[in-house]
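Peer 1: Have a peek at final-v8.cif (mmCIF, C-alpha atoms).
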data_structure
loop_
_atom_site.label_atom_id
_atom_site.label_comp_id
_atom_site.auth_asym_id
_atom_site.auth_seq_id
_atom_site.Cartn_x
_atom_site.Cartn_y
_atom_site.Cartn_z
CA MET A 1 35.31 -48.51 -16.84
CA ARG A 2 32.46 -46.31 -15.56
CA LYS A 3 33.85 -43.30 -17.43
CA ARG A 4 34.08 -45.36 -20.59
CA LEU A 5 30.50 -46.62 -20.22
CA LYS A 6 29.30 -43.04 -19.56
CA ALA A 7 31.08 -41.81 -22.67
CA ILE A 8 29.52 -44.59 -24.73
CA ALA A 9 26.08 -43.73 -23.32
CA ILE A 10 26.49 -40.02 -24.11
CA ALA A 11 27.69 -40.83 -27.60
CA GLY A 12 24.70 -43.12 -28.08
CA LEU A 13 22.29 -40.44 -26.84
CA ALA A 14 23.83 -37.86 -29.16
CA ALA A 15 23.56 -40.23 -32.10
CA ALA A 16 19.92 -40.98 -31.24
CA THR A 17 19.13 -37.26 -30.95
CA MET A 18 20.78 -36.59 -34.30
CA SER A 19 18.85 -39.48 -35.80
CA LEU A 20 15.55 -38.11 -34.48
CA ALA A 21 16.40 -34.63 -35.72
CA GLY A 22 17.27 -36.07 -39.10
CA ALA A 23 14.00 -38.00 -39.19
CA ALA A 24 12.07 -34.85 -38.26
CA SER A 25 13.77 -32.80 -40.94
CA ALA A 26 13.16 -35.59 -43.46
CA GLN A 27 9.42 -35.43 -42.81
CA SER A 28 7.35 -34.05 -45.65
CA VAL A 29 5.17 -31.01 -44.97
CA GLU A 30 2.12 -33.27 -45.09
CA GLU A 31 3.60 -35.65 -42.54
CA SER A 32 4.57 -32.78 -40.23
CA TYR A 33 1.07 -31.26 -40.32
CA LYS A 34 -1.22 -34.28 -40.53
CA GLY A 35 -3.29 -34.66 -37.37
CA LYS A 36 -1.67 -31.57 -35.83
CA GLN A 37 -3.11 -28.39 -34.37
CA LEU A 38 -1.49 -25.12 -35.41
CA GLN A 39 -1.56 -22.19 -33.03
CA VAL A 40 -2.68 -18.82 -34.41
CA VAL A 41 -1.67 -15.83 -32.27
CA ILE A 42 -4.04 -12.83 -32.41
CA TYR A 43 -2.74 -9.61 -30.91
CA THR A 44 -6.18 -8.25 -29.95
CA PRO A 45 -8.87 -9.44 -27.54
CA GLY A 46 -11.74 -11.55 -28.84
CA GLY A 47 -14.39 -9.71 -30.78
CA SER A 48 -12.08 -7.23 -32.52
CA THR A 49 -11.89 -6.93 -36.30
CA TYR A 50 -8.42 -8.52 -36.33
CA ASP A 51 -9.80 -11.38 -34.26
CA MET A 52 -12.73 -11.78 -36.65
CA TYR A 53 -10.46 -11.87 -39.70
CA ALA A 54 -8.12 -14.43 -38.13
CA ARG A 55 -10.91 -16.76 -37.04
CA PHE A 56 -12.51 -16.47 -40.47
CA LEU A 57 -9.21 -17.33 -42.18
CA ILE A 58 -8.61 -20.48 -40.18
CA GLN A 59 -12.06 -21.86 -40.98
CA TYR A 60 -10.79 -22.39 -44.54
CA MET A 61 -7.00 -22.40 -44.56
CA GLY A 62 -6.65 -26.00 -43.34
CA ARG A 63 -8.13 -27.37 -46.57
CA HIS A 64 -5.23 -25.78 -48.51
CA LEU A 65 -2.38 -26.89 -46.25
CA PRO A 66 -0.85 -30.37 -46.75
CA GLY A 67 -2.02 -32.70 -44.02
CA ASN A 68 -5.13 -30.56 -43.40
CA PRO A 69 -4.27 -29.55 -39.81
CA THR A 70 -6.70 -27.80 -37.51
CA PHE A 71 -6.09 -24.43 -35.86
CA ILE A 72 -6.35 -23.06 -32.33
CA PRO A 73 -6.70 -19.26 -32.01
CA ARG A 74 -4.83 -17.70 -29.09
CA ASN A 75 -5.60 -14.10 -28.20
CA MET A 76 -2.53 -12.31 -26.84
CA PRO A 77 -3.36 -8.63 -26.27
CA GLY A 78 -0.85 -6.26 -24.74
CA THR A 79 1.29 -3.19 -25.49
CA GLY A 80 -0.46 -2.42 -28.75
CA GLY A 81 0.65 -5.65 -30.39
CA ILE A 82 4.30 -5.63 -29.27
CA ALA A 83 3.72 -8.56 -26.87
CA ALA A 84 2.37 -10.84 -29.59
CA THR A 85 5.08 -9.75 -32.01
CA GLN A 86 7.86 -10.43 -29.51
CA PHE A 87 6.32 -13.83 -28.76
CA LEU A 88 6.39 -14.75 -32.45
CA TYR A 89 9.90 -13.35 -32.89
CA ARG A 90 11.61 -14.81 -29.81
CA ILE A 91 9.56 -17.50 -28.10
CA ALA A 92 7.23 -19.34 -30.49
CA PRO A 93 8.45 -22.67 -31.90
CA LYS A 94 10.25 -22.25 -35.21
CA ASP A 95 8.81 -25.38 -36.77
CA GLY A 96 5.88 -23.96 -38.74
CA SER A 97 3.34 -24.85 -36.06
CA VAL A 98 2.66 -21.24 -35.04
CA PHE A 99 1.80 -18.09 -36.95
CA GLY A 100 -0.21 -15.03 -36.12
CA THR A 101 -1.60 -11.60 -36.91
CA VAL A 102 -0.25 -8.35 -35.52
CA ALA A 103 -1.12 -4.68 -35.88
CA ARG A 104 -0.23 -3.32 -39.30
CA ASN A 105 1.81 -0.50 -37.75
CA ILE A 106 4.07 -2.86 -35.81
CA PRO A 107 6.59 -3.62 -38.61
CA PHE A 108 7.34 0.11 -38.92
CA GLU A 109 8.02 0.72 -35.22
CA PRO A 110 11.69 -0.41 -35.26
CA LEU A 111 12.37 2.13 -38.03
CA LEU A 112 10.95 4.86 -35.79
CA GLY A 113 13.12 3.91 -32.84
CA LYS A 114 10.51 2.51 -30.49
CA PRO A 115 12.59 0.85 -27.71
CA GLU A 116 10.23 -2.11 -27.21
CA ALA A 117 10.29 -2.89 -30.92
CA ASP A 118 13.71 -4.54 -30.89
CA PHE A 119 13.10 -6.95 -33.75
CA ASP A 120 13.79 -7.07 -37.47
CA PRO A 121 10.48 -6.98 -39.37
CA LEU A 122 12.15 -8.42 -42.49
CA ALA A 123 13.30 -11.50 -40.55
CA PHE A 124 9.73 -12.79 -40.14
CA VAL A 125 8.19 -15.22 -42.61
CA TRP A 126 5.36 -13.11 -44.00
CA LEU A 127 2.29 -14.99 -45.24
CA GLY A 128 0.58 -11.89 -46.65
CA SER A 129 -2.46 -9.83 -45.77
CA MET A 130 -6.18 -10.50 -46.09
CA ASN A 131 -6.83 -7.02 -47.46
CA ARG A 132 -5.26 -3.69 -48.26
CA ASP A 133 -7.10 -1.03 -46.38
CA ARG A 134 -8.03 2.59 -46.36
CA SER A 135 -9.38 4.33 -43.33
CA ILE A 136 -11.77 7.10 -42.40
CA SER A 137 -12.28 9.71 -39.74
CA LEU A 138 -15.85 10.24 -38.60
CA SER A 139 -17.94 12.26 -36.20
CA TRP A 140 -21.27 11.37 -34.60
CA HIS A 141 -24.28 12.90 -36.31
CA SER A 142 -24.88 15.36 -33.43
CA SER A 143 -21.32 16.74 -33.56
CA LYS A 144 -20.64 20.30 -34.77
CA VAL A 145 -17.66 18.90 -36.69
CA MET A 146 -19.27 17.75 -39.92
CA THR A 147 -16.52 18.23 -42.54
CA LEU A 148 -12.75 18.15 -42.92
CA LYS A 149 -12.74 21.96 -42.93
CA ASP A 150 -14.63 21.94 -39.61
CA LEU A 151 -12.01 19.55 -38.24
CA GLN A 152 -9.30 22.13 -38.94
CA ASN A 153 -11.21 24.72 -36.91
CA MET A 154 -12.88 22.82 -34.05
CA GLU A 155 -11.76 20.11 -31.63
CA LEU A 156 -13.11 16.59 -32.02
CA LEU A 157 -12.88 14.29 -28.99
CA VAL A 158 -11.75 10.84 -30.18
CA PRO A 159 -10.75 7.63 -28.39
CA GLY A 160 -7.22 6.35 -27.84
CA THR A 161 -6.83 2.60 -27.43
CA GLY A 162 -3.21 2.45 -26.32
CA ALA A 163 0.12 4.20 -26.73
CA GLY A 164 1.45 3.34 -30.16
CA ALA A 165 -1.93 2.23 -31.47
CA ASP A 166 -3.09 3.70 -34.77
CA SER A 167 -6.02 5.30 -32.96
CA GLU A 168 -3.53 7.59 -31.20
CA VAL A 169 -0.59 7.75 -33.59
CA ILE A 170 -2.43 8.70 -36.78
CA PRO A 171 -4.53 11.61 -35.42
CA LEU A 172 -1.40 13.07 -33.81
CA ALA A 173 0.32 12.88 -37.19
CA PHE A 174 -2.62 14.51 -38.97
CA ASN A 175 -2.66 17.28 -36.35
CA ALA A 176 1.05 17.93 -36.80
CA LEU A 177 1.08 17.78 -40.60
CA PHE A 178 -2.25 19.33 -41.54
CA GLY A 179 -3.60 21.27 -38.57
CA THR A 180 -6.52 19.01 -37.75
CA LYS A 181 -7.81 19.27 -34.19
CA PHE A 182 -8.25 15.73 -32.95
CA LYS A 183 -8.19 15.61 -29.13
CA ILE A 184 -7.41 12.11 -27.90
CA VAL A 185 -9.21 10.71 -24.86
CA ARG A 186 -7.03 7.84 -23.72
CA GLY A 187 -7.93 4.72 -21.76
CA TYR A 188 -10.24 2.78 -24.07
CA LYS A 189 -9.27 -0.89 -24.22
CA SER A 190 -10.52 -1.63 -27.73
CA THR A 191 -12.41 -0.25 -30.70
CA SER A 192 -15.51 -2.01 -29.36
CA ASP A 193 -15.30 0.06 -26.16
CA ALA A 194 -14.71 3.17 -28.24
CA THR A 195 -17.76 2.68 -30.45
CA LEU A 196 -19.96 2.25 -27.38
CA ALA A 197 -18.51 5.48 -25.99
CA VAL A 198 -19.42 7.29 -29.22
CA GLU A 199 -22.99 6.03 -29.03
CA ARG A 200 -23.23 7.09 -25.37
CA GLY A 201 -22.00 10.59 -26.21
CA GLU A 202 -18.78 10.32 -24.17
CA ILE A 203 -16.71 11.23 -27.23
CA ASP A 204 -17.51 12.88 -30.54
CA GLY A 205 -16.17 10.45 -33.13
CA ILE A 206 -13.32 8.18 -34.21
CA ALA A 207 -10.15 9.57 -35.77
CA TYR A 208 -8.85 6.50 -37.60
CA TRP A 209 -10.94 3.44 -38.36
CA SER A 210 -10.42 1.09 -41.26
CA TRP A 211 -13.13 1.06 -43.89
CA SER A 212 -13.26 -2.74 -43.84
CA ALA A 213 -13.82 -2.72 -40.07
CA ILE A 214 -16.73 -0.30 -40.14
CA GLN A 215 -18.25 -2.21 -43.07
CA SER A 216 -18.12 -5.51 -41.20
CA SER A 217 -19.16 -4.33 -37.73
CA HIS A 218 -20.96 -0.97 -37.93
CA LYS A 219 -22.30 -0.56 -41.44
CA HIS A 220 -25.62 0.48 -39.92
CA TRP A 221 -23.93 3.70 -38.75
CA LEU A 222 -23.41 4.60 -42.40
CA ASP A 223 -26.75 3.29 -43.66
CA ASP A 224 -28.69 5.12 -40.95
CA LYS A 225 -26.62 8.32 -41.32
CA LYS A 226 -25.54 8.16 -37.71
CA VAL A 227 -22.09 9.53 -38.59
CA ASN A 228 -20.42 12.19 -40.71
CA VAL A 229 -17.46 10.83 -42.69
CA LEU A 230 -14.87 13.61 -42.52
CA LEU A 231 -12.04 12.19 -44.61
CA HIS A 232 -10.50 9.02 -45.99
CA THR A 233 -6.86 8.01 -46.49
CA GLY A 234 -7.01 6.53 -49.98
CA PRO A 235 -4.78 7.84 -52.77
CA GLU A 236 -7.67 8.59 -55.13
CA PRO A 237 -11.25 9.87 -54.88
CA ASP A 238 -13.35 6.99 -53.59
CA PRO A 239 -16.88 6.48 -54.94
CA GLU A 240 -17.82 4.53 -51.80
CA ILE A 241 -16.67 7.24 -49.41
CA LYS A 242 -18.25 10.64 -49.91
CA ALA A 243 -15.45 12.66 -48.33
CA PRO A 244 -12.09 14.13 -49.37
CA SER A 245 -8.80 12.31 -48.93
CA ILE A 246 -6.37 13.53 -46.28
CA ARG A 247 -3.84 13.54 -49.13
CA SER A 248 -5.67 16.52 -50.62
CA LEU A 249 -4.13 18.64 -47.84
CA VAL A 250 -0.51 17.87 -48.83
CA ARG A 251 1.36 21.09 -49.62
CA ASN A 252 4.90 19.97 -50.46
CA ASP A 253 7.17 16.99 -51.13
CA ASP A 254 8.27 16.68 -47.49
CA GLU A 255 4.68 16.36 -46.29
CA ARG A 256 3.92 13.89 -49.07
CA ALA A 257 6.90 11.67 -48.19
CA ALA A 258 6.04 11.70 -44.48
CA LEU A 259 2.39 10.90 -45.13
CA GLU A 260 3.26 8.08 -47.54
CA PHE A 261 5.53 6.54 -44.89
CA ILE A 262 2.81 6.82 -42.23
CA LEU A 263 0.08 5.37 -44.46
CA ALA A 264 2.24 2.58 -45.92
CA ARG A 265 0.83 0.42 -43.11
CA GLU A 266 -2.53 0.41 -44.86
CA THR A 267 -1.16 -1.80 -47.66
CA LEU A 268 -0.54 -4.40 -44.94
CA GLY A 269 -4.23 -4.33 -43.94
CA ARG A 270 -4.66 -7.51 -41.87
CA PRO A 271 -1.15 -9.03 -41.95
CA PHE A 272 -0.15 -12.58 -41.03
CA LEU A 273 3.37 -13.72 -40.23
CA ALA A 274 5.31 -16.69 -38.86
CA PRO A 275 8.44 -16.73 -36.70
CA PRO A 276 11.86 -16.25 -38.30
CA GLY A 277 13.80 -19.37 -39.18
CA ILE A 278 11.03 -21.88 -39.80
CA PRO A 279 11.90 -24.61 -42.34
CA ALA A 280 11.74 -23.32 -45.91
CA ASP A 281 9.31 -26.00 -47.09
CA ARG A 282 6.83 -25.16 -44.32
CA ALA A 283 7.21 -21.45 -44.96
CA LYS A 284 6.35 -21.99 -48.62
CA ALA A 285 3.44 -24.26 -47.68
CA LEU A 286 1.98 -21.68 -45.30
CA GLN A 287 2.35 -18.90 -47.88
CA ALA A 288 0.79 -21.03 -50.62
CA ALA A 289 -2.10 -22.06 -48.36
CA PHE A 290 -2.72 -18.43 -47.39
CA ASN A 291 -2.79 -17.37 -51.06
CA ALA A 292 -5.06 -20.27 -52.01
CA THR A 293 -7.48 -19.45 -49.19
CA MET A 294 -7.80 -15.86 -50.43
CA LYS A 295 -8.87 -17.25 -53.83
CA ASP A 296 -11.09 -20.08 -52.52
CA PRO A 297 -14.59 -19.64 -54.05
CA ASP A 298 -16.31 -20.88 -50.89
CA PHE A 299 -14.24 -18.52 -48.75
CA LEU A 300 -14.99 -15.56 -51.02
CA ALA A 301 -18.71 -16.34 -51.11
CA ASP A 302 -18.75 -16.54 -47.31
CA ALA A 303 -16.82 -13.26 -47.10
CA LYS A 304 -19.42 -11.56 -49.27
CA LYS A 305 -22.21 -12.96 -47.11
CA ARG A 306 -20.49 -11.70 -43.94
CA ASN A 307 -19.70 -8.33 -45.53
CA VAL A 308 -15.99 -8.93 -44.95
CA GLU A 309 -13.68 -7.13 -47.37
CA VAL A 310 -11.01 -9.47 -48.76
CA GLN A 311 -8.18 -8.56 -51.11
CA LEU A 312 -4.99 -10.60 -51.23
CA VAL A 313 -1.73 -8.82 -50.50
CA THR A 314 1.03 -11.35 -51.11
CA ALA A 315 4.02 -11.95 -48.88
CA GLU A 316 6.25 -10.53 -51.62
CA GLU A 317 4.28 -7.28 -51.65
CA VAL A 318 4.44 -6.97 -47.86
CA VAL A 319 8.21 -7.41 -47.96
CA SER A 320 8.48 -4.87 -50.78
CA VAL A 321 6.57 -2.26 -48.73
CA LEU A 322 8.78 -2.87 -45.69
CA LYS A 323 11.98 -2.64 -47.73
CA ALA A 324 10.82 0.63 -49.27
CA ALA A 325 10.08 2.03 -45.80
CA ALA A 326 13.48 0.90 -44.53
CA ALA A 327 15.12 2.71 -47.46
CA SER A 328 13.45 6.03 -46.61
CA PRO A 329 15.88 8.96 -46.29
CA PRO A 330 16.76 9.93 -42.70
CA SER A 331 15.07 13.31 -43.26
CA VAL A 332 11.75 11.55 -43.91
CA ILE A 333 12.11 9.35 -40.84
CA GLU A 334 12.86 12.42 -38.71
CA ARG A 335 9.84 14.24 -40.13
CA VAL A 336 7.63 11.26 -39.31
CA LYS A 337 9.06 11.01 -35.78
CA LYS A 338 8.33 14.69 -35.26
CA ALA A 339 4.79 14.29 -36.57
CA LEU A 340 4.26 11.35 -34.24
CA ASP A 341 5.86 13.21 -31.34
CA ARG A 342 8.48 10.50 -30.89
#
Kindly return the structure encoded in the file as structure tokens.
Peer 2:
Amino acid sequence: MRKRLKAIAIAGLAAATMSLAGAASAQSVEESYKGKQLQVVIYTPGGSTYDMYARFLIQYMGRHLPGNPTFIPRNMPGTGGIAATQFLYRIAPKDGSVFGTVARNIPFEPLLGKPEADFDPLAFVWLGSMNRDRSISLSWHSSKVMTLKDLQNMELLVPGTGAGADSEVIPLAFNALFGTKFKIVRGYKSTSDATLAVERGEIDGIAYWSWSAIQSSHKHWLDDKKVNVLLHTGPEPDPEIKAPSIRSLVRNDDERAALEFILARETLGRPFLAPPGIPADRAKALQAAFNATMKDPDFLADAKKRNVEVQLVTAEEVVSVLKAAAASPPSVIERVKKALDR
């Protein structure tokens, strides 16, 4: 009798669980988000440009998401963004209640064989990016390195903010491909620490810094002519940046293919993504809300006031860039690995 009663109880519990699961799945997106708080994972410490972009986004995104939820930012620094990425990939709830922003280089790391990057970048639900970026190299005004040609003849001490971070990876690649002479001084925790070190004279400049970041946080360096802009990474001459493109140094197709792979990350700018496997309706709602926020007149007016560069890169475009990178010939991948000293 006891066994029979236990079996009945287990069957009842299973039926109740299935009923609750069915009720949850039957919820509309609005019902699932109304009155809720969504967690937004940020791979950098507070005060970084990625942190600023994420906190700016969530001031407006709730008005475009059914149910108008609120957002809680959660900074999760560590291992150059791998920790936050692994959290989103393996641990975060897959119910649409969590999304985040990670370093734009992270989706390319599995292709380059980084052991810690054991995830499939195409499995994530990509929301898009808040801008497509181009970057610059610069030296402090007192440095002897004042031009790209100087940089190919004299060392420039620049900060490294972590193994695998763009601040270390990109200058190594430029050195290997084009003979620049960046010398990385490792141990800086963030770009904020690095900029202070430049101003104190500990280092001579910054090898790789996004144009949007310097515009939003250190535009006075440019306005007051505190720095020499040595190069930019854009594909065309840039009227805003009075310096040559690194692409002008390309000598052959192999170098061009390797450089294009390395700089593909710039299309991703400030990327946002959600865990794999979230319900399709919530994935579409998050993507639509992200797109709508990037076109919100109030958001754009505020961005202009804050001097924050915004340019929508859709989820579809992010996926297209990643698929193109994944389809690169093995010879290109090997050339990139060699350039990055992998």
Peer 1: Enumerate, as an MDAnalysis selection string, the protein, DNA and RNA residues whose atoms approach (-7.3, 4.8, -32.7) to within 12 Å, taking into account all atoms listed in the file and the coordinate frame of the file.
Peer 2: chainID A and resid 80 103 105 135:138 157:173 182:195 205:210
Peer 1: Mind telling me what the PyMOL selection byres ((chain A and resi 112) around 9) catches here, as a list of chain:residue names?
Peer 2: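 Matching residues under the PyMOL selection byres ((chain A and resi 112) around 9) are A:Phe108, A:Glu109, A:Pro110, A:Leu111, A:Gly113, A:Lys114, A:Ile333, A:Glu334, A:Val336, A:Lys337, A:Arg342.
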Peer 1: Pick out the residues sitting within 6 Å of segment 211-223 of chain A, and hand them over as number ranges by chain; count all atoms listed in the file, and ignore anything fewer than 5 positions along from it in its own chain.
Peer 2: A: 49, 134-135, 307-309
Peer 1: In file coordinates, which residues lie within 12 Å of (7.0, -26.2, -42.5) using all atoms listed in the file, given as a PyMOL selection string?
Peer 2: chain A and resi 24-34+38+65-67+93-99+125+274-289
Peer 1: Filtering to C-alpha atoms, could you give me those residues as a JSON list (two decimals), in the frame of the given file?
Peer 2:
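Output saved as result_26.json:
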[["chain", "number", "residue", "atom", "x", "y", "z"],
["A", 24, "ALA", "CA", 12.07, -34.85, -38.26],
["A", 25, "SER", "CA", 13.77, -32.80, -40.94],
["A", 26, "ALA", "CA", 13.16, -35.59, -43.46],
["A", 27, "GLN", "CA", 9.42, -35.43, -42.81],
["A", 28, "SER", "CA", 7.35, -34.05, -45.65],
["A", 29, "VAL", "CA", 5.17, -31.01, -44.97],
["A", 30, "GLU", "CA", 2.12, -33.27, -45.09],
["A", 31, "GLU", "CA", 3.60, -35.65, -42.54],
["A", 32, "SER", "CA", 4.57, -32.78, -40.23],
["A", 33, "TYR", "CA", 1.07, -31.26, -40.32],
["A", 34, "LYS", "CA", -1.22, -34.28, -40.53],
["A", 38, "LEU", "CA", -1.49, -25.12, -35.41],
["A", 65, "LEU", "CA", -2.38, -26.89, -46.25],
["A", 66, "PRO", "CA", -0.85, -30.37, -46.75],
["A", 67, "GLY", "CA", -2.02, -32.70, -44.02],
["A", 93, "PRO", "CA", 8.45, -22.67, -31.90],
["A", 94, "LYS", "CA", 10.25, -22.25, -35.21],
["A", 95, "ASP", "CA", 8.81, -25.38, -36.77],
["A", 96, "GLY", "CA", 5.88, -23.96, -38.74],
["A", 97, "SER", "CA", 3.34, -24.85, -36.06],
["A", 98, "VAL", "CA", 2.66, -21.24, -35.04],
["A", 99, "PHE", "CA", 1.80, -18.09, -36.95],
["A", 125, "VAL", "CA", 8.19, -15.22, -42.61],
["A", 274, "ALA", "CA", 5.31, -16.69, -38.86],
["A", 275, "PRO", "CA", 8.44, -16.73, -36.70],
["A", 276, "PRO", "CA", 11.86, -16.25, -38.30],
["A", 277, "GLY", "CA", 13.80, -19.37, -39.18],
["A", 278, "ILE", "CA", 11.03, -21.88, -39.80],
["A", 279, "PRO", "CA", 11.90, -24.61, -42.34],
["A", 280, "ALA", "CA", 11.74, -23.32, -45.91],
["A", 281, "ASP", "CA", 9.31, -26.00, -47.09],
["A", 282, "ARG", "CA", 6.83, -25.16, -44.32],
["A", 283, "ALA", "CA", 7.21, -21.45, -44.96],
["A", 284, "LYS", "CA", 6.35, -21.99, -48.62],
["A", 285, "ALA", "CA", 3.44, -24.26, -47.68],
["A", 286, "LEU", "CA", 1.98, -21.68, -45.30],
["A", 287, "GLN", "CA", 2.35, -18.90, -47.88],
["A", 288, "ALA", "CA", 0.79, -21.03, -50.62],
["A", 289, "ALA", "CA", -2.10, -22.06, -48.36]]
Peer 1: Determine, counting all atoms listed in the file, which protein, DNA and RNA residues have an atom within 6 Å of an atom of Tyr43 of chain A; residues of the same chain fewer than 3 positions away are not included. Present the result as a list in words.
Peer 2: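 Neighbouring residues, sequence-local ones excluded: Asn75, Met76, Pro77, Gly81, Ala84 and Val102 of chain A.
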Peer 1: Do you have the atom CA of Leu249 of chain A-atom CA of Ser139 of chain A distance handy?
Peer 2: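 That distance, rounded to one decimal, is 19.2 Å.
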Peer 1: If you apply the PyMOL selection byres ((chain A and resi 146) around 12) to this file, what residues do you get, as number ranges by chain?
Peer 2: A: 137-145, 147-156, 204-205, 226-231, 243
Peer 1: Determine the residue set returned by the PyMOL selection byres ((chain A and resi 60) around 12) for the present structure, and present it as a tab-separated table (two decimals) with C-alpha atoms, in the frame of the given file.
Peer 2:
chain	number	residue	atom	x	y	z
A	53	TYR	CA	-10.46	-11.87	-39.70
A	54	ALA	CA	-8.12	-14.43	-38.13
A	55	ARG	CA	-10.91	-16.76	-37.04
A	56	PHE	CA	-12.51	-16.47	-40.47
A	57	LEU	CA	-9.21	-17.33	-42.18
A	58	ILE	CA	-8.61	-20.48	-40.18
A	59	GLN	CA	-12.06	-21.86	-40.98
A	61	MET	CA	-7.00	-22.40	-44.56
A	62	GLY	CA	-6.65	-26.00	-43.34
A	63	ARG	CA	-8.13	-27.37	-46.57
A	64	HIS	CA	-5.23	-25.78	-48.51
A	65	LEU	CA	-2.38	-26.89	-46.25
A	68	ASN	CA	-5.13	-30.56	-43.40
A	69	PRO	CA	-4.27	-29.55	-39.81
A	70	THR	CA	-6.70	-27.80	-37.51
A	71	PHE	CA	-6.09	-24.43	-35.86
A	289	ALA	CA	-2.10	-22.06	-48.36
A	290	PHE	CA	-2.72	-18.43	-47.39
A	291	ASN	CA	-2.79	-17.37	-51.06
A	292	ALA	CA	-5.06	-20.27	-52.01
A	293	THR	CA	-7.48	-19.45	-49.19
A	294	MET	CA	-7.80	-15.86	-50.43
A	295	LYS	CA	-8.87	-17.25	-53.83
A	296	ASP	CA	-11.09	-20.08	-52.52
A	297	PRO	CA	-14.59	-19.64	-54.05
A	298	ASP	CA	-16.31	-20.88	-50.89
A	299	PHE	CA	-14.24	-18.52	-48.75
A	300	LEU	CA	-14.99	-15.56	-51.02
A	301	ALA	CA	-18.71	-16.34	-51.11
A	302	ASP	CA	-18.75	-16.54	-47.31
A	303	ALA	CA	-16.82	-13.26	-47.10
Peer 1: So what do you get for atom CA of Lys305 of chain A versus atom CA of Lys225 of chain A, distance-wise?
Peer 2: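 Between these atoms lies a distance of 22.5 Å.
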Peer 1: Have a look at atom CA of Ala257 of chain A and atom CA of Pro330 of chain A and let me know their distance in Å, one decimal.
Peer 2: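 Computing the Euclidean distance for atom CA of Ala257 of chain A and atom CA of Pro330 of chain A yields 11.4 Å.
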Peer 1: Since the input has fewer atoms than a full residue there, write segment 157-169 of chain A out with N, CA and C atoms, as a short mmCIF file (atom, residue, chain, number, x, y, z; two decimals), in the coordinates of the input.
Peer 2:
data_model
loop_
_atom_site.label_atom_id
_atom_site.label_comp_id
_atom_site.auth_asym_id
_atom_site.auth_seq_id
_atom_site.Cartn_x
_atom_site.Cartn_y
_atom_site.Cartn_z
N LEU A 157 -13.32 15.27 -29.99
CA LEU A 157 -12.88 14.29 -28.99
C LEU A 157 -12.96 12.90 -29.59
N VAL A 158 -11.81 12.19 -29.59
CA VAL A 158 -11.75 10.84 -30.18
C VAL A 158 -11.05 9.89 -29.22
N PRO A 159 -11.32 8.59 -29.34
CA PRO A 159 -10.75 7.63 -28.39
C PRO A 159 -9.32 7.22 -28.74
N GLY A 160 -8.53 6.98 -27.69
CA GLY A 160 -7.22 6.35 -27.84
C GLY A 160 -7.25 4.98 -27.22
N THR A 161 -6.75 3.98 -27.93
CA THR A 161 -6.83 2.60 -27.43
C THR A 161 -5.47 2.04 -27.04
N GLY A 162 -4.51 2.92 -26.78
CA GLY A 162 -3.21 2.45 -26.32
C GLY A 162 -2.08 3.21 -26.97
N ALA A 163 -1.04 3.49 -26.19
CA ALA A 163 0.12 4.20 -26.73
C ALA A 163 0.71 3.39 -27.87
N GLY A 164 0.92 4.03 -29.00
CA GLY A 164 1.45 3.34 -30.16
C GLY A 164 0.40 2.77 -31.07
N ALA A 165 -0.85 2.73 -30.61
CA ALA A 165 -1.93 2.23 -31.47
C ALA A 165 -2.26 3.27 -32.53
N ASP A 166 -2.74 2.79 -33.68
CA ASP A 166 -3.09 3.70 -34.77
C ASP A 166 -4.10 4.75 -34.34
N SER A 167 -4.99 4.36 -33.41
CA SER A 167 -6.02 5.30 -32.96
C SER A 167 -5.44 6.54 -32.31
N GLU A 168 -4.20 6.45 -31.82
CA GLU A 168 -3.53 7.59 -31.20
C GLU A 168 -2.44 8.18 -32.10
N VAL A 169 -1.72 7.31 -32.77
CA VAL A 169 -0.59 7.75 -33.59
C VAL A 169 -1.05 8.57 -34.79
#
